[in-house]
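Enquirer: One structure follows; several queries about it will come next.
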Amino acid sequence: MKNDLGSMLRVGVKYCGGCNPEYDRVALVEQIEKRSGEKIDFTPYGNGKVDLILAVHGCKTACADMSGFEGTEIWNITDIKDAEKFIGEVVNSGTGI
Amino acid sequence: MGMMTAEQYEESLGKLNLVVYMFGERVEDVVGNPIIRPSMNAVAKTYELAHRPEYEDIMTVTSHISGKKINRFTHIHQNTEDLVKKSKMGRLLGRETGCCFQRCVGMDALNALSIVTFNIDAKYSTGYFKRFLKYLEYVQENDLTCDGAMTDPKGDRGLPPHKQPDPDHFLRVVEEKKDGIVVRGAKAHQTGAVNSHEIIVMPTLSMRKEDEEYAVSFALPSDADGITYIMGRQSCDTRKLEGGTMDQGNLMFGGHEALVVFDDVFVPWDRVFMYKEYDFTGQLVEYFASYHRQSYACKVGVGDVLIGAAQTAAEYNGASRASHIKDKIIEMNHLNETLFCGCIACASEGRKEPSGTYCVNTLLANVHKQNVTRFPYEIARLAQDIAGGLMVTLPSEKDFRSPETGKWLEKYFKANPDISTENRMRILRLIENITLGTAAVGYLTESMHGAGSPQAQRIMISRSSNVAEKQRAAKKLCGIEE
Ligand SMILES: Cc1cc2nc3c(=O)[nH]c(=O)nc-3n(C[C@H](O)[C@H](O)[C@H](O)COP(=O)(O)OP(=O)(O)OC[C@H]3O[C@@H](n4cnc5c(N)ncnc54)[C@H](O)[C@@H]3O)c2cc1C
Ligand code: SF4
C-alpha cells in the first residue's frame with residue numbers, strides 16, 4: 001500500500017512499557033508485519049519520517065507516552081481485535097489513513 | 001557514557017575491587033560466583049529491558065538535569081506519571097525475574113536525598129543540594145546501580161545510638177578532617193550490595209542532639225578502601241552449586257543481601273549529604289521509607305509468577321477444574337491486585353516537594369506496605385495448598401536423572417498424562433523457590449521487614465490519618481454540635 005506521495009507506507013511502531021500486558025505485544029506486531037507482506041514498511045518510531053504511528057498498548061489503559069507525535073496520525077492497538085481492525089482498514093483496504 | 005547494556009553492566013562490575021566474603025573465604029570472582037551470579041542477572045535485567053523498544057516507555061525517561069535519555073532507576077521523579085511508571089516498572093521486573101532485582105533501593109535513596117538536601121539547605125544554608133545534584137549527574141551519566149544503605153545493626157533496640165554499649169552499632173563519624181570525614185560502623189541486610197557501583201548511606205532512625213555524630217549521609221564507590229562485604233545466606237542457596245537445571249527452581253535469577261562493614265572509611269566532603277543535622281534524620285528516614293514502601297510493587301510481579309505457577313501446578317496435577325482450586329486462584333489474584341492498587345494509588349496521589357521532586361502519598365504508601373507484610377504470605381499459603389506436598393518432598397534432579405531411580409520418579413510422580421513428569425517437577429520447584437527457597441527471602445521476609453517492619457507502617461498510618469476530620473464528618477451527620 002502506498003502513501004499520498006506514491007511511495008510505500010512507512011509505519012513507526014511505538015510500544016507501551018508493558019507493565020502487565022494482556023497479550024504478547026511483540027508477537028502481535030510480528031503477525032501484523034507478516035500479514036502485511038510487502039505492503040507496509042514497519043520501523044521502530046524515531047527511525048526517520050513515518051506516515052503513521054502504530055501505538056501498541058498491552059491493555060486498555062493505553063498509557064504509552066505519545067508526546068512528541070503531534071501532527072502524525074496515530075493508530076492505537078490495545079488488543080488482538082484492534083490489530084484485526086488495523087489489518088482490515090489500513091493493510092487490506094488501503095483506505096486506512 | 002549513556003545507558004549501559006546488560007553486558008556493559010557486567011563488565012563494569014568486573015572492574016570493581018570489592019572485598020567480599022562468603023562461607024569464611026574471600027570471593028575473588030564476584031561476578032562469576034555461582035551463588036551470587038543469579039542476583040547479578042536480575043540487576044542486569046534492569047539494563048537489558050531499558051534497551052528493548054517494548055519496555056523503554058517504562059524503563060527509560062528524560063533526565064530533568066541533562067535532558068538525556070536515562071534508565072528510570074537513576075531518575076528523580078518529576079510528576080505523578082513518573083511515580084506511576086515507577087510502580088509499573090516494579091511489577092514488570094518482578095514478573096520478568098521472579099525475585100528481588102535490587103536496584104530500587106538506590107533509586108529511593110536518590111529521590112529521598114533530592115528532597116532532604118534541599119530542605120537542609122533551606123534551614124542551614126549548607127550547600128548539600130548542589131553537591132547532591134553533581135553526584136546525581138555522575139550516577140545518571142554512568143548509569144550506575146546504587147545500594148541504599150539505611151539499616152544499622154542497631155544493637156540494643158531499646159537504646160538510642162549514643163547509649164549503645166558498643167558505639168559502632170550505629171554507623172558514625174569517628175574523625176573530621178580538612179578534606180572529609182572518617183566513618184565507622186556497618187549496614188545490615190544490604191540488598192544487591194555487591195552488584196552495586198555505589199553505596200549511599202543514610203541514618204536508620206530519627207535522632208537527637210546527643211546522636212549528632214551518627215546523623216550522617218554520604219555516598220562512596222562500593223570498592224572504597226575499608227569496606228568489606230559479608231554475604232548473607234539464603235535458604236537452599238547451595239543448590240546453585242549443584243550444577244543441574246531443576247532444583248534451584250528459578251534458573252536464571254535471584255537476590256542477595258550482605259552485611260557491609262565500614263572500618264574507618266574516608267569520605268570526601270563532596271560526597272557528604274548530611275552531617276550533624278540530626279533534626280533532618282527523621283525526615284530522611286520517612287521520605288526514603290515512603291518511596292521504598294511504594295517500591296514493593298515488585299511483590300506484585302513476583303505474585304504474578306507465583307499465581308501462574310500455582311495455576312500450572314493445578315493443571316499438571318489434574319486438579320484445575322475443582323471449584324475450590326479455581327476459587328483459590330481468584331483469591332490469589334484478588335490479593336495481588338489489591339497490592340497493585342496500593343502502589344498505583346500512592347503514586348497517583350503523589351505531591352510536589354519544595355525541591356521539585358515528586359513524592360508518593362505517605363499514608364497510602366504505608367497502607368500499601370502494611371498489606372505487603374501480609375498478602376504475599378497468604379498468596380504463598382494458597383500456592384502451597386494448590387501445589388501439594390510434593391513441592392517439599394520431591395527427590396533431587398540427580399535422582400531423577402539416575403538410571404537406578406529415575407524410572408521410579410518418572411512413573412510415580414506422573415500426574416496429568418499429557419504432562420511430562422519433569423515439567424511437573426520444575427513448576428513445583430519454582431513454587432518451593434518463591435515460598436521457602438532463595439526467593440522467599442525477597443517475597444516473604446523482605447515483605448515483612450524490608451522498608452521497615454509492620455509496626456513502623458502502623459506508626460506512620462496513625463500519624464498520617466486525619467481522624468479529627470473523620471470525627472467532624474460523623475458528628476455533623478448525626479447532629480452533634482459541640
Ligand atoms: C530481605 C531484606 C532486605 C533488606 N534490604 C535492605 C536494604 O537494601 N537496605 C537497608 O537499609 N535495609 C534493608 N533491609 C532492612 C530492613 O529495613 C530491616 O530489616 C527493618 O528495618 C527491620 O529491622 P531489623 O531487621 O533490625 O529488625 P528489628 O528492628 O530487630 O525488628 C524486630 C521486631 O522488633 C520490633 N522492634 C524493633 N525495635 C523496636 C523498638 N525500639 N521498640 C519496639 N519494637 C521494636 C520491630 O517492630 C519488629 O517487630 C532489608 C531487610 C530484609 C529482611
Ligand atoms: S498500556 Fe497497559 S500493559 Fe501497557 S504499560 Fe500501560 S498499563 Fe501496562
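Quick note on naming: the chains in the C-alpha cells go A, B, ... in the order shown, residues restart at 1 in each chain, and ligands are numbered from 1 in order of appearance.
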List as a list in words the protein and nucleic acid residues lying within 9 Å of ligand 2, with only C-alpha atoms and all ligand atoms counted.
Expert: Tyr15, Cys16, Gly17, Gly18, Cys19, Asn20, Pro21, Glu22, Tyr23, Val56, His57, Gly58, Cys59, Lys60, Thr61, Ala62, Cys63, Ala64 and Thr78 of chain A; Tyr55, Asp57, Ile58, Lys85, Lys88, Met89 and Leu92 of chain B
Enquirer: Output N, CA, C and O atoms for every residue in the selection just made, as a CSV table (one decimal), in the first residue's frame.
Expert:
```csv
chain,number,residue,atom,x,y,z
A,15,TYR,N,5.7,1.1,21.4
A,15,TYR,CA,5.1,0.2,22.4
A,15,TYR,C,4.9,1.0,23.7
A,15,TYR,O,5.6,1.9,24.0
A,16,CYS,N,3.9,0.5,24.5
A,16,CYS,CA,3.8,1.0,25.9
A,16,CYS,C,4.9,0.3,26.6
A,16,CYS,O,5.6,-0.5,26.1
A,17,GLY,N,5.0,0.6,27.9
A,17,GLY,CA,6.1,0.0,28.7
A,17,GLY,C,5.9,-1.5,29.1
A,17,GLY,O,6.8,-2.1,29.5
A,18,GLY,N,4.7,-2.0,28.9
A,18,GLY,CA,4.5,-3.4,29.1
A,18,GLY,C,4.5,-3.9,30.5
A,18,GLY,O,5.0,-4.9,30.8
A,19,CYS,N,3.9,-3.1,31.4
A,19,CYS,CA,3.9,-3.5,32.9
A,19,CYS,C,3.2,-4.8,33.1
A,19,CYS,O,3.6,-5.6,33.9
A,20,ASN,N,2.0,-4.9,32.5
A,20,ASN,CA,1.2,-6.1,32.7
A,20,ASN,C,0.3,-6.4,31.5
A,20,ASN,O,-0.9,-6.3,31.6
A,21,PRO,N,0.9,-6.6,30.4
A,21,PRO,CA,0.2,-6.7,29.1
A,21,PRO,C,-0.7,-7.9,29.1
A,21,PRO,O,-0.4,-9.0,29.7
A,22,GLU,N,-1.8,-7.8,28.4
A,22,GLU,CA,-2.8,-8.9,28.3
A,22,GLU,C,-2.5,-9.8,27.1
A,22,GLU,O,-3.2,-10.8,26.9
A,23,TYR,N,-1.6,-9.5,26.3
A,23,TYR,CA,-1.2,-10.3,25.2
A,23,TYR,C,0.3,-10.0,24.9
A,23,TYR,O,0.9,-9.1,25.4
A,56,VAL,N,1.2,0.4,20.2
A,56,VAL,CA,0.9,-0.9,20.7
A,56,VAL,C,0.8,-0.9,22.2
A,56,VAL,O,1.9,-1.0,22.9
A,57,HIS,N,-0.4,-0.9,22.8
A,57,HIS,CA,-0.5,-0.9,24.2
A,57,HIS,C,-0.9,-2.3,24.7
A,57,HIS,O,-1.7,-2.9,24.1
A,58,GLY,N,-0.4,-2.7,25.9
A,58,GLY,CA,-0.6,-4.0,26.4
A,58,GLY,C,-2.0,-4.2,26.9
A,58,GLY,O,-2.5,-5.3,27.1
A,59,CYS,N,-2.7,-3.1,27.2
A,59,CYS,CA,-4.1,-3.2,27.8
A,59,CYS,C,-4.9,-2.0,27.5
A,59,CYS,O,-4.3,-1.0,26.9
A,60,LYS,N,-6.1,-1.9,27.9
A,60,LYS,CA,-7.0,-0.8,27.6
A,60,LYS,C,-6.6,0.5,28.3
A,60,LYS,O,-7.1,1.6,28.0
A,61,THR,N,-5.7,0.4,29.3
A,61,THR,CA,-5.2,1.6,29.9
A,61,THR,C,-4.5,2.5,28.9
A,61,THR,O,-4.5,3.7,29.0
A,62,ALA,N,-3.9,1.8,27.9
A,62,ALA,CA,-3.3,2.5,26.8
A,62,ALA,C,-2.4,3.7,27.2
A,62,ALA,O,-2.7,4.9,26.9
A,63,CYS,N,-1.4,3.4,28.0
A,63,CYS,CA,-0.7,4.5,28.6
A,63,CYS,C,0.7,4.8,28.0
A,63,CYS,O,1.5,5.5,28.6
A,64,ALA,N,0.9,4.3,26.8
A,64,ALA,CA,2.2,4.6,26.1
A,64,ALA,C,2.3,6.1,26.0
A,64,ALA,O,1.3,6.8,25.7
A,78,THR,N,-4.9,-2.0,21.4
A,78,THR,CA,-4.9,-2.4,22.8
A,78,THR,C,-5.2,-3.9,22.9
A,78,THR,O,-5.2,-4.4,24.0
B,55,TYR,N,9.8,-2.2,26.2
B,55,TYR,CA,9.8,-1.8,27.6
B,55,TYR,C,10.3,-0.4,27.9
B,55,TYR,O,10.2,0.1,29.0
B,57,ASP,N,9.3,2.5,27.3
B,57,ASP,CA,8.4,3.6,27.8
B,57,ASP,C,8.3,3.6,29.3
B,57,ASP,O,8.1,4.6,29.9
B,58,ILE,N,8.6,2.4,30.0
B,58,ILE,CA,8.6,2.4,31.4
B,58,ILE,C,10.0,2.5,32.0
B,58,ILE,O,10.3,3.2,32.9
B,85,LYS,N,4.8,5.2,36.8
B,85,LYS,CA,5.6,4.4,36.0
B,85,LYS,C,6.6,3.6,36.8
B,85,LYS,O,7.0,2.5,36.5
B,88,LYS,N,4.8,0.6,38.0
B,88,LYS,CA,4.6,-0.3,36.9
B,88,LYS,C,5.9,-1.0,36.6
B,88,LYS,O,6.0,-2.2,36.3
B,89,MET,N,7.0,-0.3,36.7
B,89,MET,CA,8.4,-0.9,36.5
B,89,MET,C,8.6,-2.0,37.5
B,89,MET,O,9.2,-3.0,37.2
B,92,LEU,N,6.7,-5.0,36.5
B,92,LEU,CA,7.3,-5.6,35.3
B,92,LEU,C,8.5,-6.4,35.6
B,92,LEU,O,8.7,-7.6,35.3
```
Enquirer: Which residues are near ligand 1 - at most 6 Å, using only C-alpha atoms and all ligand atoms? Format: as a CSV table (one decimal) with N, CA, C and O atoms, in the first residue's frame.
Expert:
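Result saved to pocket.csv:
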```csv
chain,number,residue,atom,x,y,z
B,105,VAL,N,16.3,0.2,45.7
B,105,VAL,CA,16.6,0.8,46.9
B,105,VAL,C,17.5,2.0,46.7
B,105,VAL,O,17.4,3.1,47.4
B,148,GLY,N,21.2,1.4,48.5
B,148,GLY,CA,20.6,2.3,49.5
B,148,GLY,C,20.8,1.7,50.9
B,148,GLY,O,20.1,0.8,51.3
B,149,ALA,N,21.8,2.3,51.6
B,149,ALA,CA,22.2,1.6,52.9
B,149,ALA,C,21.6,2.4,54.1
B,149,ALA,O,22.2,3.4,54.5
B,150,MET,N,20.5,2.0,54.6
B,150,MET,CA,20.0,2.7,55.8
B,150,MET,C,20.1,1.9,57.1
B,150,MET,O,20.5,2.4,58.1
B,151,THR,N,19.8,0.6,57.1
B,151,THR,CA,19.7,-0.2,58.3
B,151,THR,C,21.0,-0.5,59.0
B,151,THR,O,21.9,-1.2,58.5
B,157,ARG,N,17.8,-2.7,70.9
B,157,ARG,CA,16.7,-1.9,70.3
B,157,ARG,C,16.1,-0.9,71.2
B,157,ARG,O,15.4,0.0,70.8
B,158,GLY,N,16.3,-1.0,72.5
B,158,GLY,CA,15.7,-0.1,73.5
B,158,GLY,C,16.6,1.1,73.7
B,158,GLY,O,16.1,2.0,74.4
B,189,HIS,N,21.8,-6.3,56.2
B,189,HIS,CA,20.7,-6.7,55.2
B,189,HIS,C,20.8,-6.0,53.9
B,189,HIS,O,19.8,-5.8,53.2
B,190,GLN,N,22.0,-5.6,53.4
B,190,GLN,CA,22.1,-4.7,52.2
B,190,GLN,C,21.8,-5.5,50.9
B,190,GLN,O,22.6,-6.3,50.4
B,191,THR,N,20.6,-5.2,50.4
B,191,THR,CA,20.2,-5.8,49.1
B,191,THR,C,21.1,-5.4,48.0
B,191,THR,O,21.3,-4.2,47.7
B,441,VAL,N,13.2,-15.2,50.5
B,441,VAL,CA,13.8,-14.0,51.2
B,441,VAL,C,13.2,-12.7,50.8
B,441,VAL,O,12.9,-11.9,51.6
B,442,GLY,N,13.1,-12.6,49.4
B,442,GLY,CA,12.5,-11.4,48.9
B,442,GLY,C,11.0,-11.4,48.9
B,442,GLY,O,10.4,-10.3,49.2
B,445,THR,N,10.1,-12.7,53.7
B,445,THR,CA,10.7,-12.0,54.9
B,445,THR,C,11.0,-10.5,54.5
B,445,THR,O,10.8,-9.6,55.4
B,446,GLU,N,11.4,-10.3,53.3
B,446,GLU,CA,11.6,-8.9,52.9
B,446,GLU,C,10.3,-8.1,52.9
B,446,GLU,O,10.2,-6.9,53.2
B,449,HIS,N,9.9,-7.3,56.7
B,449,HIS,CA,10.8,-6.3,57.4
B,449,HIS,C,11.4,-5.3,56.4
B,449,HIS,O,11.7,-4.2,56.9
B,450,GLY,N,11.6,-5.6,55.2
B,450,GLY,CA,12.2,-4.6,54.3
B,450,GLY,C,11.4,-3.3,54.2
B,450,GLY,O,10.2,-3.4,54.4
B,451,ALA,N,12.1,-2.2,54.1
B,451,ALA,CA,11.4,-0.9,54.2
B,451,ALA,C,10.7,-0.6,55.5
B,451,ALA,O,9.8,0.2,55.6
B,452,GLY,N,11.1,-1.4,56.5
B,452,GLY,CA,10.6,-1.2,57.9
B,452,GLY,C,9.6,-2.3,58.2
B,452,GLY,O,8.8,-2.7,57.4
B,453,SER,N,9.7,-2.8,59.5
B,453,SER,CA,8.8,-3.8,60.0
B,453,SER,C,7.4,-3.3,60.1
B,453,SER,O,7.1,-2.0,60.1
B,455,GLN,N,5.2,-2.6,62.3
B,455,GLN,CA,4.9,-1.6,63.3
B,455,GLN,C,5.3,-0.2,62.8
B,455,GLN,O,4.6,0.8,63.1
```
Enquirer: Name all residues at most 9 Å from A:Phe42 (count only C-alpha atoms; drop same-chain ones fewer than 4 positions away) and give them as a list in words.
Expert: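 So, after excluding close chain neighbours, the residues are Leu9, Arg10, Val11, Gly12, Val13 and Glu33 of chain A.
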Enquirer: Using only C-alpha atoms, find the residues of chain B whose closest atom to chain A is at most 10 Å away, then write them as an NGL selection string.
Expert: :B and (49-50 or 52-60 or 81 or 85 or 87-96 or 301 or 304)
Enquirer: What is the atom CA of A:Lys85 to atom CA of A:Phe69 distance in Å?
Expert: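 Spanning atom CA of A:Lys85 to atom CA of A:Phe69 is a straight-line distance of 21.6 Å.
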Enquirer: Can you tell me which residues surround B:Ala219 at a distance of at most 10 Å, considering only C-alpha atoms, apart from same-chain residues fewer than 3 positions away, and format the answer as a list in words?
Expert: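 My list of contacting residues is Phe132, Tyr135, Cys146, Asp147, Gly148, Ala149, Glu198, Ile199, Ile200, Val201, Met202, Ser222, Val267, Pro268, Asp270, Arg271, Val272 and Phe273 of chain B.
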Enquirer: The selected residues should be written to file as a short mmCIF file (atom, residue, chain, number, x, y, z; two decimals), in the first residue's frame (atoms: N, CA and C atoms).
Expert:
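Output saved as part03.cif:
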```
data_model
loop_
_atom_site.label_atom_id
_atom_site.label_comp_id
_atom_site.auth_asym_id
_atom_site.auth_seq_id
_atom_site.Cartn_x
_atom_site.Cartn_y
_atom_site.Cartn_z
N PHE B 132 24.62 17.29 45.89
CA PHE B 132 23.82 16.12 45.53
C PHE B 132 23.56 16.08 44.02
N TYR B 135 26.44 14.84 42.16
CA TYR B 135 26.56 13.38 42.33
C TYR B 135 25.52 12.66 41.46
N CYS B 146 23.06 1.79 42.59
CA CYS B 146 23.43 2.25 43.93
C CYS B 146 22.76 1.37 44.99
N ASP B 147 23.51 1.03 46.01
CA ASP B 147 22.94 0.35 47.16
C ASP B 147 22.43 1.43 48.11
N GLY B 148 21.20 1.36 48.53
CA GLY B 148 20.65 2.30 49.51
C GLY B 148 20.81 1.71 50.89
N ALA B 149 21.78 2.27 51.65
CA ALA B 149 22.16 1.64 52.92
C ALA B 149 21.64 2.43 54.10
N GLU B 198 27.92 1.91 43.64
CA GLU B 198 27.96 2.94 44.67
C GLU B 198 27.19 2.48 45.89
N ILE B 199 27.54 3.01 47.04
CA ILE B 199 26.75 2.75 48.24
C ILE B 199 26.37 4.10 48.85
N ILE B 200 25.06 4.29 49.04
CA ILE B 200 24.55 5.55 49.59
C ILE B 200 24.10 5.29 51.03
N VAL B 201 24.77 5.91 51.97
CA VAL B 201 24.50 5.65 53.39
C VAL B 201 23.57 6.73 53.95
N MET B 202 22.59 6.27 54.74
CA MET B 202 21.66 7.19 55.40
C MET B 202 21.48 6.72 56.84
N SER B 222 31.52 1.57 45.74
CA SER B 222 31.33 0.35 46.55
C SER B 222 32.66 -0.33 46.88
N VAL B 267 35.53 9.58 53.68
CA VAL B 267 34.53 10.11 52.74
C VAL B 267 34.87 11.57 52.45
N PRO B 268 35.18 11.91 51.19
CA PRO B 268 35.48 13.32 50.89
C PRO B 268 34.22 14.19 51.04
N ASP B 270 32.78 16.32 49.21
CA ASP B 270 31.84 16.47 48.08
C ASP B 270 30.88 15.29 47.97
N ARG B 271 31.08 14.27 48.83
CA ARG B 271 30.15 13.14 48.81
C ARG B 271 29.37 13.03 50.13
N VAL B 272 29.43 14.09 50.92
CA VAL B 272 28.68 14.10 52.19
C VAL B 272 27.40 14.92 51.98
N PHE B 273 26.25 14.33 52.32
CA PHE B 273 24.96 15.00 52.07
C PHE B 273 24.22 15.37 53.35
#
```
Enquirer: If we count only C-alpha atoms and set the cut-off at 9 Å, which residues sit around B:Leu259, ignoring sequence neighbours fewer than 4 positions away in its own chain? Please answer as a list of chain:residue names.
Expert: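 My reading of the contact set: B:Pro153, B:Ala186, B:Lys187, B:Ala188, B:His189, B:Gln190, B:Ala193, B:Thr228, B:Tyr229, B:Ile230, B:Met231, B:Gly232.
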Enquirer: Write the residues of the selection above to a file with N, CA and C atoms, as a PDB file, in the first residue's frame.
Expert:
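Below is the file result_30.pdb, written as the result:
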```pdb
ATOM      1  N   PRO B 153      23.091  -2.186  62.367  1.00  0.00           N
ATOM      2  CA  PRO B 153      22.862  -3.385  63.192  1.00  0.00           C
ATOM      3  C   PRO B 153      21.991  -3.056  64.422  1.00  0.00           C
ATOM      4  N   ALA B 186      28.481  -0.294  60.477  1.00  0.00           N
ATOM      5  CA  ALA B 186      28.076  -1.314  59.495  1.00  0.00           C
ATOM      6  C   ALA B 186      26.645  -1.045  59.055  1.00  0.00           C
ATOM      7  N   LYS B 187      26.298  -1.606  57.915  1.00  0.00           N
ATOM      8  CA  LYS B 187      24.908  -1.596  57.463  1.00  0.00           C
ATOM      9  C   LYS B 187      24.525  -3.050  57.215  1.00  0.00           C
ATOM     10  N   ALA B 188      23.379  -3.441  57.760  1.00  0.00           N
ATOM     11  CA  ALA B 188      22.960  -4.849  57.700  1.00  0.00           C
ATOM     12  C   ALA B 188      21.923  -5.064  56.601  1.00  0.00           C
ATOM     13  N   HIS B 189      21.790  -6.289  56.174  1.00  0.00           N
ATOM     14  CA  HIS B 189      20.746  -6.717  55.212  1.00  0.00           C
ATOM     15  C   HIS B 189      20.841  -6.012  53.860  1.00  0.00           C
ATOM     16  N   GLN B 190      22.030  -5.610  53.413  1.00  0.00           N
ATOM     17  CA  GLN B 190      22.093  -4.739  52.226  1.00  0.00           C
ATOM     18  C   GLN B 190      21.811  -5.489  50.918  1.00  0.00           C
ATOM     19  N   ALA B 193      24.123  -5.462  47.430  1.00  0.00           N
ATOM     20  CA  ALA B 193      25.317  -4.672  47.761  1.00  0.00           C
ATOM     21  C   ALA B 193      26.482  -4.939  46.807  1.00  0.00           C
ATOM     22  N   THR B 228      34.022  -3.816  53.646  1.00  0.00           N
ATOM     23  CA  THR B 228      34.031  -5.281  53.496  1.00  0.00           C
ATOM     24  C   THR B 228      32.588  -5.783  53.432  1.00  0.00           C
ATOM     25  N   TYR B 229      32.341  -6.725  52.547  1.00  0.00           N
ATOM     26  CA  TYR B 229      31.004  -7.309  52.377  1.00  0.00           C
ATOM     27  C   TYR B 229      31.012  -8.755  52.869  1.00  0.00           C
ATOM     28  N   ILE B 230      30.063  -9.096  53.728  1.00  0.00           N
ATOM     29  CA  ILE B 230      29.945 -10.484  54.178  1.00  0.00           C
ATOM     30  C   ILE B 230      28.556 -10.969  53.738  1.00  0.00           C
ATOM     31  N   MET B 231      28.555 -11.915  52.799  1.00  0.00           N
ATOM     32  CA  MET B 231      27.307 -12.325  52.158  1.00  0.00           C
ATOM     33  C   MET B 231      26.363 -13.037  53.119  1.00  0.00           C
ATOM     34  N   GLY B 232      25.087 -12.679  53.030  1.00  0.00           N
ATOM     35  CA  GLY B 232      24.064 -13.371  53.816  1.00  0.00           C
ATOM     36  C   GLY B 232      23.714 -14.698  53.148  1.00  0.00           C
TER      37      GLY B 232
END
```
Enquirer: Pick out each residue of stretch 187-344 of chain B that DSSP on the backbone tags as strand (DSSP E or B); I need them as a PyMOL selection string.
Expert: chain B and resi 187-191+198-201+216-221+227-231+257-268+272-275
Enquirer: Find, counting only C-alpha atoms, the residue in B:Val43, B:Met274, B:Val302, B:Ile386 that gets nearest to B:Ser323.
Expert: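 Between B:Val43, B:Met274, B:Val302, B:Ile386, the residue approaching B:Ser323 most closely is B:Ile386.
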Enquirer: DSSP says alpha helix (DSSP H) for which residues of stretch 232-319 of chain B? Put them as a short mmCIF file (atom, residue, chain, number, x, y, z; two decimals) with N, CA and C atoms, in the first residue's frame?
Expert:
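Output file out-v8.cif is given in full below:
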```cif
data_model
loop_
_atom_site.label_atom_id
_atom_site.label_comp_id
_atom_site.auth_asym_id
_atom_site.auth_seq_id
_atom_site.Cartn_x
_atom_site.Cartn_y
_atom_site.Cartn_z
N THR B 281 17.21 13.90 60.32
CA THR B 281 17.33 12.44 60.17
C THR B 281 15.96 11.78 60.03
N GLY B 282 15.01 12.21 60.86
CA GLY B 282 13.66 11.64 60.82
C GLY B 282 13.04 11.84 59.44
N GLN B 283 13.25 13.04 58.90
CA GLN B 283 12.70 13.38 57.59
C GLN B 283 13.30 12.46 56.49
N LEU B 284 14.61 12.27 56.56
CA LEU B 284 15.26 11.43 55.55
C LEU B 284 14.75 9.99 55.64
N VAL B 285 14.61 9.49 56.86
CA VAL B 285 14.09 8.12 57.05
C VAL B 285 12.68 8.03 56.48
N GLU B 286 11.86 9.03 56.77
CA GLU B 286 10.46 8.96 56.33
C GLU B 286 10.32 9.03 54.81
N TYR B 287 11.08 9.93 54.18
CA TYR B 287 10.98 10.02 52.71
C TYR B 287 11.48 8.72 52.07
N PHE B 288 12.65 8.27 52.55
CA PHE B 288 13.18 7.04 51.97
C PHE B 288 12.19 5.89 52.18
N ALA B 289 11.67 5.79 53.39
CA ALA B 289 10.76 4.68 53.71
C ALA B 289 9.50 4.76 52.85
N SER B 290 8.96 5.95 52.66
CA SER B 290 7.74 6.08 51.85
C SER B 290 8.00 5.61 50.41
N TYR B 291 9.11 6.10 49.83
CA TYR B 291 9.44 5.66 48.47
C TYR B 291 9.65 4.14 48.43
N HIS B 292 10.34 3.65 49.44
CA HIS B 292 10.69 2.23 49.39
C HIS B 292 9.45 1.35 49.65
N ARG B 293 8.52 1.88 50.40
CA ARG B 293 7.27 1.13 50.62
C ARG B 293 6.50 1.04 49.30
N GLN B 294 6.53 2.11 48.54
CA GLN B 294 5.94 2.06 47.19
C GLN B 294 6.66 1.01 46.34
N SER B 295 7.97 0.93 46.49
CA SER B 295 8.78 0.05 45.64
C SER B 295 8.35 -1.41 45.75
N CYS B 298 7.16 -4.47 43.35
CA CYS B 298 7.85 -5.66 42.81
C CYS B 298 7.19 -6.95 43.26
N LYS B 299 6.62 -6.92 44.47
CA LYS B 299 6.00 -8.15 45.00
C LYS B 299 4.78 -8.55 44.15
N VAL B 300 4.16 -7.55 43.52
CA VAL B 300 3.01 -7.85 42.65
C VAL B 300 3.50 -8.67 41.44
N GLY B 301 4.66 -8.28 40.92
CA GLY B 301 5.22 -9.02 39.78
C GLY B 301 5.62 -10.44 40.16
N VAL B 302 6.22 -10.59 41.35
CA VAL B 302 6.57 -11.94 41.81
C VAL B 302 5.26 -12.72 42.08
N GLY B 303 4.26 -12.01 42.60
CA GLY B 303 2.94 -12.63 42.80
C GLY B 303 2.37 -13.13 41.48
N ASP B 304 2.54 -12.35 40.41
CA ASP B 304 2.09 -12.80 39.08
C ASP B 304 2.70 -14.16 38.75
N VAL B 305 4.01 -14.26 39.00
CA VAL B 305 4.72 -15.51 38.68
C VAL B 305 4.17 -16.65 39.54
N LEU B 306 3.95 -16.38 40.83
CA LEU B 306 3.50 -17.44 41.74
C LEU B 306 2.08 -17.90 41.38
N ILE B 307 1.24 -16.95 41.00
CA ILE B 307 -0.12 -17.32 40.59
C ILE B 307 -0.06 -18.18 39.32
N GLY B 308 0.78 -17.74 38.38
CA GLY B 308 0.96 -18.53 37.15
C GLY B 308 1.47 -19.93 37.45
N ALA B 309 2.39 -20.02 38.40
CA ALA B 309 2.95 -21.32 38.76
C ALA B 309 1.89 -22.19 39.45
N ALA B 310 1.08 -21.58 40.30
CA ALA B 310 0.05 -22.36 41.02
C ALA B 310 -1.00 -22.90 40.05
N GLN B 311 -1.41 -22.05 39.10
CA GLN B 311 -2.38 -22.49 38.09
C GLN B 311 -1.79 -23.64 37.27
N THR B 312 -0.51 -23.49 36.90
CA THR B 312 0.15 -24.53 36.11
C THR B 312 0.23 -25.83 36.91
N ALA B 313 0.61 -25.71 38.19
CA ALA B 313 0.71 -26.92 39.03
C ALA B 313 -0.66 -27.61 39.12
N ALA B 314 -1.71 -26.81 39.25
CA ALA B 314 -3.06 -27.39 39.34
C ALA B 314 -3.38 -28.16 38.05
N GLU B 315 -3.03 -27.58 36.92
CA GLU B 315 -3.29 -28.25 35.64
C GLU B 315 -2.44 -29.51 35.53
N TYR B 316 -1.18 -29.43 35.92
CA TYR B 316 -0.28 -30.59 35.84
C TYR B 316 -0.74 -31.70 36.80
N ASN B 317 -1.30 -31.28 37.94
CA ASN B 317 -1.78 -32.28 38.92
C ASN B 317 -3.11 -32.88 38.48
#
```
Enquirer: If you count only C-alpha atoms, which residues fall within 12 Å of B:Tyr128, apart from same-chain ones fewer than 4 positions away, as a count of residues only?
Expert: 26
Enquirer: Between atom CA of B:Ile329 and atom CA of B:Ala365, what is the distance, to one decimal in Å?
Expert: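 So the two atoms, atom CA of B:Ile329 and atom CA of B:Ala365, lie 26.0 Å apart.
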Enquirer: Quick one: residues within 12 Å of A:Gly71, only C-alpha atoms counted, chain neighbours fewer than 5 positions away excluded, as a VMD selection string?
Expert: chain A and resid 49 to 53 66
Enquirer: Can you measure atom CA of B:Asn250 to atom CA of B:Leu428 for me? One decimal in Å is fine.
Expert: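 Going from atom CA of B:Asn250 over to atom CA of B:Leu428, I get 10.8 Å.
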